[in-house]
Every structure is written in C-alpha cells, then in structure tokens.
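See below for the structure under consideration.
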Amino acid sequence: MLKQDQIQDYNQSVSADHDFKWGYLGESLERQGQNVEQLLKKVADFQVAIPSWALGTGGTRFGRFPIGGEPRNLEEKIEDVGLIHALNRSSNSISLHIPWDIPQDAAATRQLLSQHGLIIDSVNSNTFQDQKDQALSYKFGSLCHTDAQVRKHAIDHNIEVVEYGKALGDECKTLTVWLADGSNFPGQHHLRRAYQRTLDSLTAIYEAMPSDWTMLVEYKPYEPNFYSMVIPDWGTSYSLCQQIGERSQVLVDLGHHLPNTNIEQIVARLMHFGRLGGFHFNGSMYGDDDLTTGATKPYQLFLIFCELVQGMNDPAVTNPALAWMIDASHNTKDPIEDLLQSVQAIKMAYAKALLVDTQALFEAQEQNDVVRAQEILENAFQTDVRALVAEARRQVGAAIDPIGLYRQMGIREQRIGQRGRYAVATGL
C-alpha cells in the first residue's frame, strides 16, 4: 500500500518545476477573473470510477499479451484501484462487473474497500457471453430472446447482480445494462418484437430493483451483431427509459457511436430531457472502446464537457447526478498507467470546460457572432491546465505526477514479483 510520506517525498522532489508552472498559470487565471480556489476544489472533487475488469491487459479476439503481475481476484483488483486512488485521489470508486468479479464475502470486501478509501458505486450485468456450465445460451439474444426461459435467465441474472450490489454498501445504487442482443443477417429478427421483448425484460428488472436504485441503459450501433442491434442508438435507449420508469437513464459510452457522430449534441439533448445517467469514458478511432480517453479527440471530449458543465449549472435542467466511469481497452499499455492517463484526460477536459466564459458565449450565440463564439471556446481549450490539475492533486495529498511516481517506485515490477510473471486478470 502506497504511504503518504512516499507521496510527499516525491512531490518535494518535483515541486520546483511544478511551482514555476502553477505560479504562472494561477496568476494568468486570476488576471482573467477566474476564481482559482473554486476551480481547484471542483477539479479535486471530481471522481471517476474504475471498472473492475480494466486492471488486466486488454486484448482482441486475435490475441492478448499479459504484462505480468495482473490482479488474479477481486481483492487484488481492489488493491490496484486503491493504488490508483492513492496516486491521483480521483478514483474513489469501482464499477463492479458480475460474474467476472463476484465477492465471496461481502463483509470482508467492504472492509477491504474501506481500507483503501474506496466504494462500489455501480454493478454491471453480463448477458453478452455464456458462462461455464450455463444451461441456456445467449447466442441468439438475452433480454430479447424468442425463448421466454432464456429471457427469464437473463432477467434473473440482472436481479442477482443487484443483490450483490446491495450487499456491498449503501453507496451502490446503480445497475448498468449493456446488451449484445441483435442480429447478424436480414430476416433473423422480428425487429419490433425484439424491441418489445427487451422492454418487457428491462421493466421486470426495474420493478425488482430497490426504489432508490437507478438503471442505466447503454446503447451501441454495432458489434457483436453487424446487421442490427436491439439498442443501437441514444433514441432507442431514451424511448426504453421513458417507458421503463423515472429511475431509468441513458448511459453514453463515448466509443459507442458511428464515426463523426456529434456526441456533444446527444449529451445536450439527453440533459434537456433529464435522461442522461452517466458516461463510459474512452477514445474511439474506428470501433468500440479502442483507446485511452482523450488520446485522439481531445477537442470533442472538451466540447462534451462544455455541454455537461452548462447543463449542471443551469437551474432549468433537472437531470439527476451523473455517474462517471472509464470503459476502455489498453491492449499494449500497463493497465494502471492507462487508467491514470484516462483520469488525467477527463479532469483536464472538465477543467477547461470550467474556464469557458459561458455568459460571453451565450451572448455571442444570441447575436449570431459565430467567430466570437468559436474564439471563446478555443481560448479555454488552448489553455494548458496540466498544472491546475496537478495542483488540485497536490492539495488533497495525491502525487503531482502519478505516473512518474508509479514508475519511480517500480510498482509494476513489484506486482510481478508478488503475483507472478504470468498472472492474468479475471474478466476479458
């Protein structure tokens, strides 16, 4: 477990360079009329959940190349997320995936989480693959299946997942549902009936949840089915949520969109409707969940956060509090380093969105001053906020440079020594 004095010693060793950068940025922001202390607090308070499956090396159907020292069970995954949170103080929760990571002893799991300053904030069901010895197959769908027994099996699994979440603490009140249901060939599905069966199944799960729980319904345009997906877009997810109940919300996965989709507009629409439930953050170049968050399209990520910040600050918007989660692949990276990079990119986009002069932006929009509106956005986006995010970390006891400290301490090598060169994480 990373000790606070180790973080302090490291910060002291790199503070001169950081102080120089932060001194310049802090003064520049003050000259622009920004409330620097308020900015620091907002950035420091922003927390992003880590998915339990993401602590192992990613892969594709063609191969996987384990890095060594991967967590072999839920307890070691909690240890790794605890390390991430100690390094950045921005990852205080875990999004738990069942049945990949079933807690064997809920009380012991809660105690271990507490030791690392963590909570389980959400649970994720898995009806997109068959498990060992599973009697009924999801090959032709789960919640949409033509066979009522298969649908019941999938419904029961989701209800069981909720029960696991309830046992892990009062902080866990969110069920995330992503369906691989769809068809590969024309004529395979009765498209309307598949939708209705899905709606009926989701409603059954919703009615079995505690009254203070939220269901997040995710969408995806393709994969694993390449002709049709039952929930291919935000409109389908929205229509389902409208019928399921008020505590059913749309989950936006940044990688679940066709190329050039205007995701920020989707975010704005859903917030306007009060149906935006949360995010799975990642980066996408061609397909699903390809890359580290912000690795290829940082401006789009910034624009998404602009809509989020505007919506969260608008008293006319009645959208509930949002769930923030990472859901990305890192096929060739150290998973811990990749997750640290993702959290950094998310917080930088958030910090830049906080810098936007929204009043001036709204005035430019009302006056149809297109150039001025673009300049206002780009002035915020072009600001180098790395020192702001680092200072926010330092003020709450985290590392100024989390990856720098992680590498200096040789933590991956320590993990390999403790767990083995060929240790492979559970899950994907």
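Chain labels A, B, ... are given in the sequence in which chains occur in the structure tokens; within each chain residues are numbered consecutively from 1, and ligands are likewise numbered from 1 in the order shown.
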### Message
as JSON, numbers by chain, please: every residue in segment 160-359 of chain A that DSSP puts in alpha helix (DSSP H).
### Response
{"A": [160, 161, 162, 163, 164, 165, 166, 167, 191, 192, 193, 194, 195, 196, 197, 198, 199, 200, 201, 202, 203, 204, 205, 206, 207, 208, 234, 235, 236, 237, 238, 239, 240, 241, 242, 243, 244, 263, 264, 265, 266, 267, 268, 269, 270, 271, 272, 273, 298, 299, 300, 301, 302, 303, 304, 305, 306, 307, 308, 309, 310, 311, 312, 313, 335, 336, 337, 338, 339, 340, 341, 342, 343, 344, 345, 346, 347, 348, 349, 350, 351, 352, 353, 354, 355, 358, 359]}
### Query
Skipping near chain neighbours, those fewer than 2 positions away, what residues fall within 10 Å of segment 77-84 of chain A using only C-alpha atoms, listed as a ChimeraX atom specification?
/A:1-3,49-56,70-75,86-94,101,109,112-120,335-337,339-340,343,398,402-403,406,411,415,425-426
Selection file, C-alpha atoms, as a PDB file, in the first residue's frame:
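Output saved as selection-v9.pdb:
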ATOM      1  CA  MET A   1       0.000   0.000   0.000  1.00  0.00           C
ATOM      2  CA  LEU A   2       1.399   3.394  -1.025  1.00  0.00           C
ATOM      3  CA  LYS A   3       2.221   5.503   2.028  1.00  0.00           C
ATOM      4  CA  ALA A  49     -14.971   5.153 -11.232  1.00  0.00           C
ATOM      5  CA  ILE A  50     -12.585   2.401 -12.338  1.00  0.00           C
ATOM      6  CA  PRO A  51     -14.137  -0.758 -13.847  1.00  0.00           C
ATOM      7  CA  SER A  52     -13.113  -3.959 -12.128  1.00  0.00           C
ATOM      8  CA  TRP A  53     -12.339  -5.631 -15.460  1.00  0.00           C
ATOM      9  CA  ALA A  54      -9.819  -2.985 -16.550  1.00  0.00           C
ATOM     10  CA  LEU A  55      -6.917  -3.918 -14.246  1.00  0.00           C
ATOM     11  CA  GLY A  56      -5.725  -6.633 -16.619  1.00  0.00           C
ATOM     12  CA  GLU A  70      -2.122  -8.713 -13.117  1.00  0.00           C
ATOM     13  CA  PRO A  71      -4.716  -8.994 -10.323  1.00  0.00           C
ATOM     14  CA  ARG A  72      -5.918 -12.590 -10.018  1.00  0.00           C
ATOM     15  CA  ASN A  73      -9.021 -11.933  -7.941  1.00  0.00           C
ATOM     16  CA  LEU A  74     -11.312  -9.173  -6.716  1.00  0.00           C
ATOM     17  CA  GLU A  75      -9.156  -8.494  -3.669  1.00  0.00           C
ATOM     18  CA  ALA A  86      -3.690   6.962  -3.687  1.00  0.00           C
ATOM     19  CA  LEU A  87      -1.736   8.295  -6.667  1.00  0.00           C
ATOM     20  CA  ASN A  88      -4.411  10.645  -8.028  1.00  0.00           C
ATOM     21  CA  ARG A  89      -7.145  10.985  -5.331  1.00  0.00           C
ATOM     22  CA  SER A  90      -9.627  10.985  -8.199  1.00  0.00           C
ATOM     23  CA  SER A  91     -10.706   7.338  -8.423  1.00  0.00           C
ATOM     24  CA  ASN A  92     -12.519   6.524  -5.191  1.00  0.00           C
ATOM     25  CA  SER A  93     -14.992   4.004  -6.593  1.00  0.00           C
ATOM     26  CA  ILE A  94     -15.165   0.750  -8.523  1.00  0.00           C
ATOM     27  CA  ASP A 101     -15.798 -10.384 -10.079  1.00  0.00           C
ATOM     28  CA  THR A 109     -14.945  -6.944   0.683  1.00  0.00           C
ATOM     29  CA  LEU A 112     -11.026  -4.072   2.232  1.00  0.00           C
ATOM     30  CA  LEU A 113     -12.653  -1.287   0.244  1.00  0.00           C
ATOM     31  CA  SER A 114     -12.722   0.906   3.342  1.00  0.00           C
ATOM     32  CA  GLN A 115      -9.019   0.291   3.970  1.00  0.00           C
ATOM     33  CA  HIS A 116      -8.278   1.716   0.540  1.00  0.00           C
ATOM     34  CA  GLY A 117     -10.779   4.593   0.774  1.00  0.00           C
ATOM     35  CA  LEU A 118     -12.980   3.057  -1.911  1.00  0.00           C
ATOM     36  CA  ILE A 119     -16.629   2.214  -2.545  1.00  0.00           C
ATOM     37  CA  ILE A 120     -18.524   0.146  -5.108  1.00  0.00           C
ATOM     38  CA  PRO A 335      -3.332  -1.001 -17.385  1.00  0.00           C
ATOM     39  CA  ILE A 336      -2.635   1.120 -14.305  1.00  0.00           C
ATOM     40  CA  GLU A 337      -0.747   3.716 -16.328  1.00  0.00           C
ATOM     41  CA  LEU A 339      -6.178   4.348 -16.279  1.00  0.00           C
ATOM     42  CA  LEU A 340      -4.114   7.144 -14.733  1.00  0.00           C
ATOM     43  CA  VAL A 343      -8.475  10.081 -15.451  1.00  0.00           C
ATOM     44  CA  ALA A 398      -2.011  12.943  -4.251  1.00  0.00           C
ATOM     45  CA  PRO A 402       1.109   9.969 -10.649  1.00  0.00           C
ATOM     46  CA  ILE A 403       2.747   8.042 -13.491  1.00  0.00           C
ATOM     47  CA  TYR A 406       4.424   4.872 -10.173  1.00  0.00           C
ATOM     48  CA  ILE A 411       5.322  -0.800  -8.847  1.00  0.00           C
ATOM     49  CA  ARG A 415       3.401  -6.637  -8.747  1.00  0.00           C
ATOM     50  CA  ALA A 425      -6.698 -10.923 -14.539  1.00  0.00           C
ATOM     51  CA  THR A 426     -10.214 -12.293 -14.485  1.00  0.00           C
TER      52      THR A 426
END
### Query
Near segment 176-189 of chain A, within 6 Å and counting only C-alpha atoms, which residues show up once chain neighbours fewer than 5 positions away are dropped, as a list in words?
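The filter keeps Asn124, Ser125, Phe128, Gly141, Met215, Leu216, Val217, Glu218, Asn225, Phe226, Tyr227, Ser228, Met229 and Val230 of chain A.
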With N, CA and C atoms retained, write the just-selected residues as a PDB file, in the first residue's frame.
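Just written: selection10.pdb:
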ATOM      1  N   ASN A 124     -22.458  -4.060 -12.870  1.00  0.00           N
ATOM      2  CA  ASN A 124     -22.717  -4.270 -14.288  1.00  0.00           C
ATOM      3  C   ASN A 124     -23.066  -5.734 -14.542  1.00  0.00           C
ATOM      4  N   SER A 125     -24.157  -5.968 -15.233  1.00  0.00           N
ATOM      5  CA  SER A 125     -24.542  -7.335 -15.562  1.00  0.00           C
ATOM      6  C   SER A 125     -23.838  -7.790 -16.835  1.00  0.00           C
ATOM      7  N   PHE A 128     -23.866 -10.845 -22.293  1.00  0.00           N
ATOM      8  CA  PHE A 128     -23.306 -10.803 -23.636  1.00  0.00           C
ATOM      9  C   PHE A 128     -22.372 -11.968 -23.920  1.00  0.00           C
ATOM     10  N   GLY A 141     -29.478 -13.966 -28.338  1.00  0.00           N
ATOM     11  CA  GLY A 141     -30.039 -12.872 -27.564  1.00  0.00           C
ATOM     12  C   GLY A 141     -30.265 -13.244 -26.123  1.00  0.00           C
ATOM     13  N   MET A 215     -31.345   2.461 -12.994  1.00  0.00           N
ATOM     14  CA  MET A 215     -30.913   1.586 -14.082  1.00  0.00           C
ATOM     15  C   MET A 215     -30.350   2.443 -15.205  1.00  0.00           C
ATOM     16  N   LEU A 216     -29.131   2.143 -15.629  1.00  0.00           N
ATOM     17  CA  LEU A 216     -28.520   2.812 -16.772  1.00  0.00           C
ATOM     18  C   LEU A 216     -28.587   1.881 -17.977  1.00  0.00           C
ATOM     19  N   VAL A 217     -29.172   2.359 -19.065  1.00  0.00           N
ATOM     20  CA  VAL A 217     -29.344   1.555 -20.271  1.00  0.00           C
ATOM     21  C   VAL A 217     -28.393   2.068 -21.344  1.00  0.00           C
ATOM     22  N   GLU A 218     -27.461   1.216 -21.731  1.00  0.00           N
ATOM     23  CA  GLU A 218     -26.413   1.583 -22.678  1.00  0.00           C
ATOM     24  C   GLU A 218     -26.852   1.240 -24.102  1.00  0.00           C
ATOM     25  N   ASN A 225     -23.161  -7.897 -33.108  1.00  0.00           N
ATOM     26  CA  ASN A 225     -24.027  -8.158 -34.258  1.00  0.00           C
ATOM     27  C   ASN A 225     -23.850  -7.057 -35.293  1.00  0.00           C
ATOM     28  N   PHE A 226     -23.802  -7.445 -36.559  1.00  0.00           N
ATOM     29  CA  PHE A 226     -23.415  -6.494 -37.601  1.00  0.00           C
ATOM     30  C   PHE A 226     -24.531  -6.160 -38.583  1.00  0.00           C
ATOM     31  N   TYR A 227     -25.733  -6.694 -38.352  1.00  0.00           N
ATOM     32  CA  TYR A 227     -26.870  -6.252 -39.152  1.00  0.00           C
ATOM     33  C   TYR A 227     -27.767  -5.330 -38.335  1.00  0.00           C
ATOM     34  N   SER A 228     -28.103  -5.745 -37.116  1.00  0.00           N
ATOM     35  CA  SER A 228     -28.924  -4.887 -36.263  1.00  0.00           C
ATOM     36  C   SER A 228     -28.581  -5.122 -34.813  1.00  0.00           C
ATOM     37  N   MET A 229     -28.637  -4.043 -34.030  1.00  0.00           N
ATOM     38  CA  MET A 229     -28.563  -4.141 -32.574  1.00  0.00           C
ATOM     39  C   MET A 229     -29.919  -3.724 -32.015  1.00  0.00           C
ATOM     40  N   VAL A 230     -30.386  -4.386 -30.967  1.00  0.00           N
ATOM     41  CA  VAL A 230     -31.693  -4.059 -30.410  1.00  0.00           C
ATOM     42  C   VAL A 230     -31.707  -2.637 -29.853  1.00  0.00           C
TER      43      VAL A 230
END
### Query
Leaving out Asn11 of chain A and any residue of its chain fewer than 6 positions from it, which residues lie within 9 Å of it when counting only C-alpha atoms, given as number ranges by chain?
A: 394, 398-401, 405
### Task
Can you work out the spacing between atom CA of Val14 of chain A and atom CA of Val396 of chain A in Å, to one decimal?
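Going from atom CA of Val14 of chain A over to atom CA of Val396 of chain A covers 16.5 Å.
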Fewer than 5 positions away in the same chain doesn't count, so skip those; otherwise give me all residues within 9 Å of Leu361 of chain A, counting only C-alpha atoms, as a compact mmCIF listing (two decimals) with C-alpha atoms, in the first residue's frame.
# COMPACT_ATOMS: atom_id res chain seq x y z
CA VAL A 356 -15.30 28.85 -20.60
CA GLU A 366 -27.77 35.18 -29.26
CA ARG A 372 -16.65 35.17 -31.25
CA ALA A 373 -18.35 32.00 -30.05
CA GLN A 374 -15.59 29.84 -31.51
CA ILE A 376 -14.39 31.80 -26.56
CA LEU A 377 -14.36 28.02 -26.74
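With only C-alpha atoms as the atoms that count, the residue of A:Val385, A:Tyr299, A:Asp334, A:Asn368 with the shortest distance to Pro66 of chain A is A:Asp334.
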### Task
With a distance cut-off of 9 Å and only C-alpha atoms, select the neighbouring residues of segment 149-159 of chain A, excluding the residue or stretch itself and same-chain residues fewer than 3 positions from it, and output the selection as a ChimeraX atom specification.
/A:124-127,136-138,141-146,162-164,175,177,197-198,201-202,204-206,208-209
Could you dump the residues just selected with N, CA, C and O atoms as a CSV table (one decimal), in the first residue's frame?
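out-v8.csv was written with the following content:
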chain,number,residue,atom,x,y,z
A,124,ASN,N,-22.5,-4.1,-12.9
A,124,ASN,CA,-22.7,-4.3,-14.3
A,124,ASN,C,-23.1,-5.7,-14.5
A,124,ASN,O,-22.3,-6.6,-14.1
A,125,SER,N,-24.2,-6.0,-15.2
A,125,SER,CA,-24.5,-7.3,-15.6
A,125,SER,C,-23.8,-7.8,-16.8
A,125,SER,O,-23.3,-7.0,-17.6
A,126,ASN,N,-23.8,-9.1,-17.1
A,126,ASN,CA,-23.2,-9.7,-18.3
A,126,ASN,C,-24.1,-10.7,-18.9
A,126,ASN,O,-24.1,-11.9,-18.4
A,127,THR,N,-24.9,-10.3,-19.9
A,127,THR,CA,-25.6,-11.3,-20.7
A,127,THR,C,-25.1,-11.3,-22.1
A,127,THR,O,-25.8,-11.8,-23.0
A,136,LEU,N,-28.7,-22.3,-20.4
A,136,LEU,CA,-29.3,-21.7,-21.5
A,136,LEU,C,-28.4,-20.6,-22.2
A,136,LEU,O,-27.8,-19.9,-21.5
A,137,SER,N,-28.3,-20.7,-23.5
A,137,SER,CA,-27.4,-19.8,-24.2
A,137,SER,C,-27.9,-18.5,-24.6
A,137,SER,O,-29.1,-18.4,-25.0
A,138,TYR,N,-27.1,-17.5,-24.6
A,138,TYR,CA,-27.4,-16.1,-25.2
A,138,TYR,C,-27.0,-16.0,-26.6
A,138,TYR,O,-26.9,-14.8,-27.1
A,141,GLY,N,-29.5,-14.0,-28.3
A,141,GLY,CA,-30.0,-12.9,-27.6
A,141,GLY,C,-30.3,-13.2,-26.1
A,141,GLY,O,-30.2,-14.4,-25.7
A,142,SER,N,-30.5,-12.2,-25.3
A,142,SER,CA,-30.7,-12.5,-23.9
A,142,SER,C,-32.1,-11.9,-23.5
A,142,SER,O,-33.1,-12.6,-23.5
A,143,LEU,N,-32.1,-10.6,-23.2
A,143,LEU,CA,-33.4,-10.0,-22.8
A,143,LEU,C,-34.4,-9.9,-24.0
A,143,LEU,O,-35.6,-9.7,-23.8
A,144,CYS,N,-33.9,-10.1,-25.2
A,144,CYS,CA,-34.8,-10.0,-26.4
A,144,CYS,C,-35.1,-11.4,-26.9
A,144,CYS,O,-35.8,-11.5,-27.9
A,145,HIS,N,-34.6,-12.5,-26.3
A,145,HIS,CA,-34.6,-13.8,-26.9
A,145,HIS,C,-36.1,-14.3,-27.2
A,145,HIS,O,-37.0,-13.9,-26.4
A,146,THR,N,-36.3,-15.1,-28.2
A,146,THR,CA,-37.6,-15.6,-28.5
A,146,THR,C,-38.1,-16.6,-27.5
A,146,THR,O,-39.3,-16.7,-27.3
A,162,VAL,N,-28.0,-7.0,-8.8
A,162,VAL,CA,-28.4,-6.0,-7.9
A,162,VAL,C,-28.3,-6.5,-6.4
A,162,VAL,O,-27.9,-5.7,-5.6
A,163,GLU,N,-28.6,-7.7,-6.2
A,163,GLU,CA,-28.4,-8.3,-4.8
A,163,GLU,C,-27.0,-8.2,-4.4
A,163,GLU,O,-26.7,-7.9,-3.2
A,164,TYR,N,-26.0,-8.5,-5.3
A,164,TYR,CA,-24.6,-8.3,-4.9
A,164,TYR,C,-24.3,-6.9,-4.6
A,164,TYR,O,-23.6,-6.6,-3.6
A,175,LEU,N,-27.4,0.0,-11.4
A,175,LEU,CA,-27.2,-1.1,-12.3
A,175,LEU,C,-27.0,-0.7,-13.7
A,175,LEU,O,-27.9,0.1,-14.2
A,177,VAL,N,-26.8,-1.8,-17.6
A,177,VAL,CA,-27.2,-2.9,-18.5
A,177,VAL,C,-26.7,-2.5,-19.9
A,177,VAL,O,-27.1,-1.5,-20.5
A,197,ARG,N,-39.9,-7.3,-26.5
A,197,ARG,CA,-39.4,-8.3,-25.5
A,197,ARG,C,-38.3,-7.7,-24.6
A,197,ARG,O,-38.3,-7.9,-23.4
A,198,THR,N,-37.5,-6.9,-25.2
A,198,THR,CA,-36.4,-6.2,-24.5
A,198,THR,C,-37.0,-5.2,-23.5
A,198,THR,O,-36.6,-5.2,-22.3
A,201,SER,N,-38.5,-7.2,-20.6
A,201,SER,CA,-37.5,-7.7,-19.7
A,201,SER,C,-36.9,-6.7,-18.8
A,201,SER,O,-36.7,-6.8,-17.6
A,202,LEU,N,-36.5,-5.5,-19.4
A,202,LEU,CA,-35.9,-4.4,-18.7
A,202,LEU,C,-36.9,-3.9,-17.6
A,202,LEU,O,-36.5,-3.6,-16.5
A,204,ALA,N,-39.2,-5.7,-16.1
A,204,ALA,CA,-39.2,-6.7,-15.0
A,204,ALA,C,-38.0,-6.5,-14.1
A,204,ALA,O,-38.1,-6.6,-12.8
A,205,ILE,N,-36.8,-6.2,-14.6
A,205,ILE,CA,-35.6,-6.0,-13.8
A,205,ILE,C,-35.8,-4.7,-13.0
A,205,ILE,O,-35.6,-4.7,-11.8
A,206,TYR,N,-36.3,-3.7,-13.6
A,206,TYR,CA,-36.5,-2.4,-13.0
A,206,TYR,C,-37.5,-2.5,-11.8
A,206,TYR,O,-37.2,-2.0,-10.7
A,208,ALA,N,-38.0,-5.0,-10.0
A,208,ALA,CA,-37.4,-5.8,-8.9
A,208,ALA,C,-36.3,-5.1,-8.2
A,208,ALA,O,-35.9,-5.5,-7.1
A,209,MET,N,-35.8,-3.9,-8.7
A,209,MET,CA,-34.8,-3.2,-8.0
A,209,MET,C,-35.4,-2.4,-6.8
A,209,MET,O,-36.5,-2.1,-6.8
### Secondary structure check, strand (DSSP E or B) residues of segment 172-311 of chain A, as number ranges by chain
A: 174-177, 182-183, 214-218, 228-229, 248-253, 276-281, 283, 291
### Query
In Å, how far is it from atom CA of Gly278 of chain A to atom CA of Phe305 of chain A?
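So the answer is 12.2 Å.
Using only C-alpha atoms for every distance, the candidate list A:Asp290, A:Glu363, A:Asp212, A:Asp253 yields A:Asp212 as the residue closest to Glu171 of chain A.
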### Selection near Val252 of chain A, 10 Å with only C-alpha atoms, sequence-local residues under 5 positions removed, as a ChimeraX atom specification
/A:216-220,233-234,237,257,263,266-267,270,276-281
### Task
Find, counting only C-alpha atoms, the residue in A:Ile231, A:Lys132, A:Leu355, A:Glu264 that gets nearest to Ser28 of chain A.
A:Leu355
### Query
Just how far from atom CA of Ser211 of chain A is atom CA of Pro315 of chain A, in Å to one decimal?
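One can read the atom CA of Pro315 of chain A to atom CA of Ser211 of chain A distance as 25.5 Å.
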